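Visitor: Sending over final08.cif (mmCIF, C-alpha atoms).
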data_protein
#
loop_
_atom_site.label_atom_id
_atom_site.label_comp_id
_atom_site.auth_asym_id
_atom_site.auth_seq_id
_atom_site.Cartn_x
_atom_site.Cartn_y
_atom_site.Cartn_z
CA MET B 1 -23.23 -23.59 3.76
CA ALA B 2 -24.00 -27.12 2.59
CA LYS B 3 -22.41 -26.30 -0.74
CA GLU B 4 -19.32 -24.95 0.99
CA ARG B 5 -18.95 -28.13 3.04
CA LEU B 6 -19.40 -30.24 -0.09
CA ARG B 7 -16.68 -28.39 -1.90
CA LYS B 8 -14.25 -28.82 0.95
CA GLY B 9 -14.91 -32.54 0.86
CA THR B 10 -14.00 -32.89 -2.82
CA ALA B 11 -10.40 -31.81 -2.76
CA ALA B 12 -9.61 -33.29 -6.17
CA LYS B 13 -12.03 -30.98 -7.98
CA ARG B 14 -10.14 -28.17 -9.66
CA VAL B 15 -12.09 -25.03 -10.37
CA PRO B 16 -10.99 -23.65 -13.74
CA LEU B 17 -9.58 -20.13 -13.50
CA ASP B 18 -10.94 -17.46 -15.77
CA LEU B 19 -7.71 -16.01 -17.13
CA LYS B 20 -8.17 -12.69 -18.87
CA GLY B 21 -5.94 -10.30 -20.73
CA ARG B 22 -5.54 -7.52 -23.17
CA ILE B 23 -2.71 -7.00 -25.65
CA TRP B 24 -1.60 -4.17 -27.88
CA ILE B 25 1.47 -2.93 -29.73
CA ASP B 26 3.08 0.36 -28.80
CA GLY B 27 4.75 2.74 -31.22
CA LYS B 28 6.70 5.91 -30.63
CA GLU B 29 3.59 7.85 -29.56
CA GLY B 30 1.90 5.23 -27.40
CA THR B 31 -0.58 2.72 -28.78
CA PHE B 32 0.13 1.80 -32.40
CA LEU B 33 -2.09 -1.27 -32.90
CA GLY B 34 -4.80 -2.62 -30.63
CA TYR B 35 -7.87 -4.73 -31.09
CA GLY B 36 -10.19 -1.80 -31.89
CA ARG B 37 -7.72 -0.25 -34.32
CA VAL B 38 -7.38 -3.52 -36.19
CA ILE B 39 -11.16 -3.92 -36.45
CA LEU B 40 -11.20 -0.38 -37.90
CA LEU B 41 -8.56 -1.33 -40.48
CA GLU B 42 -10.58 -4.42 -41.42
CA ARG B 43 -13.73 -2.34 -41.84
CA ILE B 44 -11.88 0.20 -44.01
CA GLN B 45 -10.71 -2.75 -46.13
CA GLU B 46 -14.30 -4.00 -46.33
CA TYR B 47 -16.06 -0.67 -47.01
CA GLY B 48 -13.33 1.30 -48.79
CA SER B 49 -14.25 4.31 -46.69
CA ILE B 50 -13.30 5.66 -43.28
CA THR B 51 -16.78 7.18 -42.93
CA LYS B 52 -18.55 3.87 -43.55
CA ALA B 53 -16.06 1.94 -41.44
CA ALA B 54 -16.58 4.37 -38.54
CA ARG B 55 -20.37 4.19 -38.88
CA SER B 56 -20.30 0.37 -38.81
CA MET B 57 -18.52 0.58 -35.45
CA GLU B 58 -20.74 3.36 -34.08
CA MET B 59 -17.63 5.54 -33.92
CA SER B 60 -17.44 9.19 -34.93
CA TYR B 61 -15.67 9.94 -38.21
CA ARG B 62 -13.37 12.27 -36.33
CA HIS B 63 -12.29 9.56 -33.89
CA ALA B 64 -11.76 7.03 -36.68
CA TRP B 65 -9.72 9.53 -38.67
CA GLU B 66 -7.57 10.27 -35.63
CA LEU B 67 -6.91 6.56 -35.08
CA VAL B 68 -5.94 6.10 -38.73
CA ASP B 69 -3.73 9.18 -38.56
CA SER B 70 -2.06 7.84 -35.41
CA MET B 71 -1.36 4.49 -37.08
CA ASN B 72 -0.08 6.14 -40.25
CA ARG B 73 2.26 8.44 -38.31
CA GLN B 74 3.76 5.58 -36.35
CA ALA B 75 4.25 3.06 -39.16
CA SER B 76 7.25 3.24 -41.48
CA ARG B 77 4.76 3.42 -44.37
CA PRO B 78 1.06 4.46 -44.16
CA LEU B 79 -1.46 1.70 -43.45
CA VAL B 80 -4.38 3.57 -45.04
CA GLU B 81 -4.35 5.94 -47.99
CA SER B 82 -6.94 8.09 -49.76
CA ALA B 83 -8.44 6.29 -52.70
CA THR B 84 -9.70 9.29 -54.65
CA GLY B 85 -9.17 12.54 -52.82
CA GLY B 86 -8.50 14.45 -49.67
CA ARG B 87 -9.66 14.03 -46.12
CA GLY B 88 -13.39 13.51 -45.73
CA GLY B 89 -14.16 13.23 -49.42
CA GLY B 90 -13.57 10.16 -51.52
CA GLY B 91 -12.73 6.71 -50.29
CA ALA B 92 -9.88 5.15 -48.41
CA ARG B 93 -8.01 1.95 -48.96
CA LEU B 94 -5.68 -0.26 -47.08
CA THR B 95 -2.07 -0.37 -48.28
CA GLU B 96 0.06 -3.53 -48.28
CA GLU B 97 1.51 -2.28 -45.01
CA GLY B 98 -2.04 -2.07 -43.64
CA GLU B 99 -2.73 -5.67 -44.65
CA SER B 100 0.52 -6.75 -43.00
CA ALA B 101 -0.46 -4.89 -39.84
CA ILE B 102 -3.80 -6.73 -39.66
CA ALA B 103 -2.13 -10.10 -40.23
CA LEU B 104 0.54 -9.33 -37.65
CA PHE B 105 -1.90 -8.32 -34.96
CA ARG B 106 -4.29 -11.20 -35.72
CA ARG B 107 -1.44 -13.66 -35.31
CA PHE B 108 -0.36 -12.04 -32.03
CA TYR B 109 -4.00 -12.09 -30.86
CA GLU B 110 -4.52 -15.76 -31.76
CA ASP B 111 -1.28 -16.76 -30.10
CA PHE B 112 -2.41 -14.89 -27.01
CA GLN B 113 -5.79 -16.67 -26.95
CA ALA B 114 -3.91 -19.99 -27.20
CA PHE B 115 -1.59 -18.87 -24.40
CA LEU B 116 -4.54 -18.06 -22.14
CA ALA B 117 -6.18 -21.42 -22.90
CA ASP B 118 -2.95 -23.31 -22.17
CA GLU B 119 -2.32 -21.43 -18.95
CA GLY B 120 -5.90 -22.04 -17.85
CA LYS B 121 -5.26 -25.79 -18.04
CA ALA B 122 -1.95 -25.57 -16.20
CA LEU B 123 -2.89 -23.20 -13.39
CA SER B 124 -5.27 -23.93 -10.55
CA LEU B 125 -5.91 -22.61 -7.06
CA SER B 126 -6.62 -25.26 -4.43
CA MET V 1 14.73 12.23 -43.65
CA ALA V 2 18.19 10.74 -44.03
CA LYS V 3 17.32 8.22 -41.36
CA GLU V 4 14.10 7.33 -43.17
CA ARG V 5 15.95 6.76 -46.43
CA LEU V 6 18.53 4.66 -44.66
CA ARG V 7 15.86 2.41 -43.16
CA LYS V 8 14.24 1.84 -46.53
CA GLY V 9 17.62 0.85 -47.95
CA THR V 10 18.24 -1.81 -45.31
CA ALA V 11 15.32 -4.12 -45.91
CA ALA V 12 16.78 -6.89 -43.78
CA LYS V 13 16.67 -4.77 -40.63
CA ARG V 14 13.67 -5.74 -38.53
CA VAL V 15 12.39 -3.15 -36.10
CA PRO V 16 11.43 -4.91 -32.87
CA LEU V 17 7.79 -4.41 -31.98
CA ASP V 18 6.90 -3.19 -28.53
CA LEU V 19 4.32 -5.81 -27.55
CA LYS V 20 2.35 -4.88 -24.48
CA GLY V 21 -0.30 -6.54 -22.40
CA ARG V 22 -2.13 -6.82 -19.16
CA ILE V 23 -3.44 -9.97 -17.52
CA TRP V 24 -5.75 -10.72 -14.63
CA ILE V 25 -7.93 -13.52 -13.26
CA ASP V 26 -11.68 -13.10 -13.03
CA GLY V 27 -13.88 -14.58 -10.32
CA LYS V 28 -17.63 -14.63 -9.92
CA GLU V 29 -17.79 -10.88 -9.20
CA GLY V 30 -15.31 -9.61 -11.81
CA THR V 31 -11.61 -9.21 -11.08
CA PHE V 32 -10.34 -11.74 -8.55
CA LEU V 33 -6.55 -11.39 -8.91
CA GLY V 34 -4.59 -8.75 -10.77
CA TYR V 35 -1.11 -7.31 -10.54
CA GLY V 36 -2.03 -4.63 -7.97
CA ARG V 37 -3.99 -7.08 -5.82
CA VAL V 38 -1.05 -9.47 -5.73
CA ILE V 39 1.35 -6.71 -4.73
CA LEU V 40 -1.09 -5.90 -1.91
CA LEU V 41 -1.09 -9.55 -0.76
CA GLU V 42 2.71 -9.56 -0.81
CA ARG V 43 2.85 -6.39 1.26
CA ILE V 44 0.38 -7.84 3.78
CA GLN V 45 2.66 -10.88 4.01
CA GLU V 46 5.64 -8.57 4.54
CA TYR V 47 4.08 -6.13 7.04
CA GLY V 48 1.49 -8.34 8.76
CA SER V 49 -0.98 -5.48 8.51
CA ILE V 50 -3.44 -4.20 5.94
CA THR V 51 -2.90 -0.64 7.19
CA LYS V 52 0.86 -0.79 6.70
CA ALA V 53 0.55 -2.64 3.41
CA ALA V 54 -1.86 0.02 2.12
CA ARG V 55 0.40 2.84 3.29
CA SER V 56 3.41 1.30 1.53
CA MET V 57 1.43 1.42 -1.72
CA GLU V 58 0.04 4.92 -1.11
CA MET V 59 -3.42 3.35 -1.07
CA SER V 60 -6.20 4.20 1.38
CA TYR V 61 -6.91 1.63 4.09
CA ARG V 62 -10.51 1.51 2.90
CA HIS V 63 -9.53 0.66 -0.68
CA ALA V 64 -7.06 -2.00 0.47
CA TRP V 65 -9.65 -3.52 2.77
CA GLU V 66 -12.19 -3.63 -0.08
CA LEU V 67 -9.70 -5.37 -2.35
CA VAL V 68 -8.91 -7.95 0.34
CA ASP V 69 -12.61 -8.44 1.00
CA SER V 70 -13.25 -8.92 -2.74
CA MET V 71 -10.50 -11.56 -2.95
CA ASN V 72 -11.70 -13.34 0.19
CA ARG V 73 -15.29 -13.44 -1.04
CA GLN V 74 -14.30 -14.92 -4.40
CA ALA V 75 -11.84 -17.55 -3.20
CA SER V 76 -13.00 -20.90 -1.86
CA ARG V 77 -11.05 -20.10 1.32
CA PRO V 78 -9.96 -16.62 2.54
CA LEU V 79 -6.57 -15.37 1.33
CA VAL V 80 -6.12 -12.98 4.26
CA GLU V 81 -7.27 -13.35 7.87
CA SER V 82 -7.15 -11.20 10.98
CA ALA V 83 -4.15 -12.01 13.10
CA THR V 84 -5.37 -10.66 16.43
CA GLY V 85 -8.72 -9.01 16.19
CA GLY V 86 -11.44 -7.38 14.15
CA ARG V 87 -11.39 -5.05 11.22
CA GLY V 88 -9.07 -2.09 11.57
CA GLY V 89 -7.49 -3.20 14.81
CA GLY V 90 -4.78 -5.83 15.13
CA GLY V 91 -2.81 -7.33 12.30
CA ALA V 92 -3.57 -9.40 9.27
CA ARG V 93 -1.84 -12.42 7.86
CA LEU V 94 -1.80 -14.36 4.66
CA THR V 95 -3.33 -17.83 4.73
CA GLU V 96 -1.94 -20.80 2.79
CA GLU V 97 -4.56 -20.02 0.18
CA GLY V 98 -3.18 -16.49 -0.02
CA GLU V 99 0.33 -17.79 -0.56
CA SER V 100 -0.96 -20.11 -3.29
CA ALA V 101 -2.73 -17.19 -4.95
CA ILE V 102 0.48 -15.16 -5.06
CA ALA V 103 2.45 -18.10 -6.48
CA LEU V 104 -0.27 -18.81 -9.03
CA PHE V 105 -0.44 -15.23 -10.30
CA ARG V 106 3.34 -14.80 -10.30
CA ARG V 107 3.68 -17.90 -12.46
CA PHE V 108 0.97 -16.68 -14.84
CA TYR V 109 2.66 -13.26 -14.95
CA GLU V 110 6.11 -14.71 -15.65
CA ASP V 111 4.76 -16.99 -18.36
CA PHE V 112 3.08 -13.97 -19.90
CA GLN V 113 6.31 -11.94 -19.89
CA ALA V 114 8.03 -14.88 -21.60
CA PHE V 115 5.18 -15.08 -24.11
CA LEU V 116 5.56 -11.37 -24.95
CA ALA V 117 9.32 -11.74 -25.36
CA ASP V 118 8.92 -14.78 -27.64
CA GLU V 119 6.25 -13.10 -29.73
CA GLY V 120 8.39 -9.99 -30.04
CA LYS V 121 11.11 -12.08 -31.70
CA ALA V 122 8.69 -13.85 -34.02
CA LEU V 123 6.58 -10.90 -35.17
CA SER V 124 7.74 -8.02 -37.32
CA LEU V 125 6.15 -5.45 -39.55
CA SER V 126 8.11 -4.78 -42.78
#
Transcribe the structure of this file into structure tokens.
Guide:
Amino acid sequence: MAKERLRKGTAAKRVPLDLKGRIWIDGKEGTFLGYGRVILLERIQEYGSITKAARSMEMSYRHAWELVDSMNRQASRPLVESATGGRGGGGARLTEEGESAIALFRRFYEDFQAFLADEGKALSLS
Amino acid sequence: MAKERLRKGTAAKRVPLDLKGRIWIDGKEGTFLGYGRVILLERIQEYGSITKAARSMEMSYRHAWELVDSMNRQASRPLVESATGGRGGGGARLTEEGESAIALFRRFYEDFQAFLADEGKALSLS
């Protein structure tokens, strides 16, 4: 109660708002690129393997493969390709298109973080 | 196939990306204001009743009341108050704080739509 009265007395104090958001990019089948998908692409780039990338994210291989397949189907050119063989065996590598997709989303994501920070300064409630 | 070949031949053509997002404002208990909550506030303003506002959104009275209660608890001053009596009976009306909350979120939302539109022009993938 005392705290409440104190706050009413200091009208000039602006409580910062905790602005939150989530962004993604849709393709023809729904989500094309989102934060998790981009992390997966980065891990595939790092490990050269969908299996290892999935494990590093505590994700099943099946789920990771489905995400990669979804991205590949929706891009004009595949983002990930087999490095040595078929599904499951061998490694995987990011294509140039895959690297562009990471860069694109990272830029969008950074711009969005900057947008949230700017808005947080500009907006206030009482 | 013909369409695919055509697209590869016209390298200058940039396919617009379908950038998507969702925004909300967190308070001390989690979500404070989001799109649905603001629509609810606007309907309360319009109908002068939580019951009627809830019905217009095909939402249960209980859920609407809980959302209002959550917003009231997290704001420094209540956004909605009883117009004539206790819970369930009588009407409800938006306070000045409630009107500010709507304006604040609407501005945030509009800025975000503009941000998405701007980003959509600036970003492209191959």
Visitor: Taking the file as shown, what set of residues would the PyMOL selection byres ((chain V and resi 92) around 6) give back, as a PDB file with C-alpha atoms, keeping the file's coordinate frame?
Guide:
ATOM      1  CA  GLY V  48       1.490  -8.340   8.760  1.00  0.00           C
ATOM      2  CA  SER V  49      -0.980  -5.480   8.510  1.00  0.00           C
ATOM      3  CA  GLU V  81      -7.270 -13.350   7.870  1.00  0.00           C
ATOM      4  CA  SER V  82      -7.150 -11.200  10.980  1.00  0.00           C
ATOM      5  CA  ALA V  83      -4.150 -12.010  13.100  1.00  0.00           C
ATOM      6  CA  GLY V  91      -2.810  -7.330  12.300  1.00  0.00           C
ATOM      7  CA  ARG V  93      -1.840 -12.420   7.860  1.00  0.00           C
TER       8      ARG V  93
END
Visitor: Mind doing a quick least-squares superposition of chain B onto chain V, all C-alpha atoms paired one-to-one in order, and writing it out as a tab-separated table (two decimals) with C-alpha atoms, in the frame of the given file?
Guide:
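Produced file selection.tsv, reproduced below:
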chain	number	residue	atom	x	y	z
B	1	MET	CA	14.17	12.61	-44.73
B	2	ALA	CA	17.70	11.25	-45.05
B	3	LYS	CA	16.97	8.84	-42.23
B	4	GLU	CA	13.78	7.71	-43.94
B	5	ARG	CA	15.64	7.02	-47.19
B	6	LEU	CA	18.33	5.12	-45.29
B	7	ARG	CA	15.79	2.91	-43.62
B	8	LYS	CA	14.12	2.06	-46.90
B	9	GLY	CA	17.48	1.02	-48.27
B	10	THR	CA	18.15	-1.48	-45.48
B	11	ALA	CA	15.30	-3.88	-45.99
B	12	ALA	CA	16.87	-6.63	-43.90
B	13	LYS	CA	16.77	-4.56	-40.71
B	14	ARG	CA	13.89	-5.66	-38.53
B	15	VAL	CA	12.61	-3.14	-36.04
B	16	PRO	CA	11.71	-4.95	-32.82
B	17	LEU	CA	8.06	-4.52	-31.86
B	18	ASP	CA	7.20	-3.35	-28.39
B	19	LEU	CA	4.60	-5.93	-27.43
B	20	LYS	CA	2.60	-4.98	-24.36
B	21	GLY	CA	-0.09	-6.60	-22.30
B	22	ARG	CA	-1.95	-6.87	-19.09
B	23	ILE	CA	-3.32	-10.01	-17.46
B	24	TRP	CA	-5.67	-10.72	-14.59
B	25	ILE	CA	-7.90	-13.48	-13.25
B	26	ASP	CA	-11.64	-13.00	-13.04
B	27	GLY	CA	-13.88	-14.43	-10.35
B	28	LYS	CA	-17.63	-14.42	-9.98
B	29	GLU	CA	-17.74	-10.67	-9.26
B	30	GLY	CA	-15.23	-9.44	-11.82
B	31	THR	CA	-11.53	-9.11	-11.08
B	32	PHE	CA	-10.32	-11.66	-8.54
B	33	LEU	CA	-6.52	-11.38	-8.87
B	34	GLY	CA	-4.50	-8.77	-10.72
B	35	TYR	CA	-1.01	-7.39	-10.44
B	36	GLY	CA	-1.90	-4.70	-7.88
B	37	ARG	CA	-3.91	-7.11	-5.75
B	38	VAL	CA	-1.03	-9.56	-5.64
B	39	ILE	CA	1.42	-6.83	-4.61
B	40	LEU	CA	-1.05	-5.99	-1.81
B	41	LEU	CA	-1.11	-9.63	-0.68
B	42	GLU	CA	2.70	-9.71	-0.69
B	43	ARG	CA	2.85	-6.54	1.39
B	44	ILE	CA	0.32	-7.93	3.89
B	45	GLN	CA	2.56	-11.02	4.13
B	46	GLU	CA	5.57	-8.77	4.69
B	47	TYR	CA	4.03	-6.30	7.18
B	48	GLY	CA	1.38	-8.46	8.86
B	49	SER	CA	-1.03	-5.55	8.60
B	50	ILE	CA	-3.45	-4.24	5.99
B	51	THR	CA	-2.85	-0.69	7.25
B	52	LYS	CA	0.92	-0.92	6.81
B	53	ALA	CA	0.60	-2.75	3.51
B	54	ALA	CA	-1.76	-0.05	2.19
B	55	ARG	CA	0.54	2.74	3.39
B	56	SER	CA	3.55	1.15	1.65
B	57	MET	CA	1.60	1.32	-1.62
B	58	GLU	CA	0.26	4.84	-1.02
B	59	MET	CA	-3.23	3.33	-1.01
B	60	SER	CA	-6.01	4.22	1.40
B	61	TYR	CA	-6.80	1.66	4.09
B	62	ARG	CA	-10.38	1.63	2.89
B	63	HIS	CA	-9.38	0.74	-0.67
B	64	ALA	CA	-6.97	-1.96	0.50
B	65	TRP	CA	-9.62	-3.45	2.77
B	66	GLU	CA	-12.12	-3.50	-0.08
B	67	LEU	CA	-9.64	-5.30	-2.34
B	68	VAL	CA	-8.92	-7.89	0.36
B	69	ASP	CA	-12.64	-8.31	0.98
B	70	SER	CA	-13.24	-8.78	-2.76
B	71	MET	CA	-10.54	-11.46	-2.95
B	72	ASN	CA	-11.80	-13.21	0.17
B	73	ARG	CA	-15.39	-13.27	-1.11
B	74	GLN	CA	-14.39	-14.76	-4.43
B	75	ALA	CA	-11.96	-17.44	-3.23
B	76	SER	CA	-13.19	-20.78	-1.93
B	77	ARG	CA	-11.28	-20.01	1.29
B	78	PRO	CA	-10.14	-16.55	2.52
B	79	LEU	CA	-6.72	-15.36	1.36
B	80	VAL	CA	-6.24	-12.98	4.30
B	81	GLU	CA	-7.45	-13.34	7.86
B	82	SER	CA	-7.33	-11.19	11.00
B	83	ALA	CA	-4.36	-12.04	13.14
B	84	THR	CA	-5.61	-10.68	16.45
B	85	GLY	CA	-8.94	-8.95	16.15
B	86	GLY	CA	-11.60	-7.30	14.08
B	87	ARG	CA	-11.47	-4.96	11.14
B	88	GLY	CA	-9.11	-2.04	11.54
B	89	GLY	CA	-7.58	-3.18	14.80
B	90	GLY	CA	-4.94	-5.85	15.13
B	91	GLY	CA	-2.93	-7.38	12.35
B	92	ALA	CA	-3.69	-9.45	9.31
B	93	ARG	CA	-2.01	-12.50	7.91
B	94	LEU	CA	-1.97	-14.42	4.73
B	95	THR	CA	-3.57	-17.88	4.78
B	96	GLU	CA	-2.20	-20.87	2.86
B	97	GLU	CA	-4.78	-20.05	0.21
B	98	GLY	CA	-3.33	-16.53	0.03
B	99	GLU	CA	0.17	-17.91	-0.48
B	100	SER	CA	-1.14	-20.20	-3.21
B	101	ALA	CA	-2.85	-17.25	-4.88
B	102	ILE	CA	0.41	-15.27	-4.97
B	103	ALA	CA	2.34	-18.24	-6.37
B	104	LEU	CA	-0.36	-18.90	-8.96
B	105	PHE	CA	-0.48	-15.34	-10.21
B	106	ARG	CA	3.32	-14.96	-10.18
B	107	ARG	CA	3.64	-18.06	-12.34
B	108	PHE	CA	0.96	-16.79	-14.75
B	109	TYR	CA	2.71	-13.39	-14.84
B	110	GLU	CA	6.16	-14.89	-15.52
B	111	ASP	CA	4.79	-17.13	-18.23
B	112	PHE	CA	3.16	-14.09	-19.79
B	113	GLN	CA	6.43	-12.11	-19.74
B	114	ALA	CA	8.12	-15.08	-21.45
B	115	PHE	CA	5.28	-15.22	-23.98
B	116	LEU	CA	5.71	-11.53	-24.82
B	117	ALA	CA	9.48	-11.94	-25.20
B	118	ASP	CA	9.05	-14.96	-27.48
B	119	GLU	CA	6.43	-13.26	-29.61
B	120	GLY	CA	8.61	-10.17	-29.89
B	121	LYS	CA	11.32	-12.30	-31.52
B	122	ALA	CA	8.89	-14.03	-33.87
B	123	LEU	CA	6.83	-11.05	-35.02
B	124	SER	CA	8.04	-8.20	-37.18
B	125	LEU	CA	6.49	-5.59	-39.45
B	126	SER	CA	8.37	-4.94	-42.68
Visitor: Could you check how far atom CA of B:Leu33 sits from atom CA of B:Phe105, in Å to one decimal?
Guide: 7.3 Å
Visitor: Can you pull out every residue within 10 Å of V:Gln45, counting only C-alpha atoms, but drop anything in the same chain fewer than 2 positions away, and send it as number ranges by chain?
Guide: V: 39-43, 47-50, 53, 80, 92-95, 98-99
Visitor: Please write as JSON, numbers by chain the full residue list that the PyMOL selection byres ((chain B) within 8 of (chain V)) yields on this file.
Guide: {"B": [17, 18, 19, 20, 21, 22, 23, 24, 25, 26, 27, 97, 100, 101, 104, 108, 115, 119, 123, 124, 125, 126]}
Visitor: Please report the interatomic distance between atom CA of V:Gly90 and atom CA of V:Thr51 in Å with one decimal.
Guide: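 Rounded to one decimal, the two atoms are 9.7 Å apart.
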Visitor: Rounded to one decimal in Å, what is the spacing between atom CA of V:Arg37 and atom CA of B:Tyr35?
Guide: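 About the pair atom CA of V:Arg37 and atom CA of B:Tyr35: they are 25.7 Å apart.
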Visitor: Counting all atoms listed in the file, which of B:His63, B:Val68, B:Ala117, B:Pro78 gets nearest to B:Val38?
Guide: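 Of B:His63, B:Val68, B:Ala117, B:Pro78, the one nearest B:Val38, counting all atoms listed in the file, is B:Val68.
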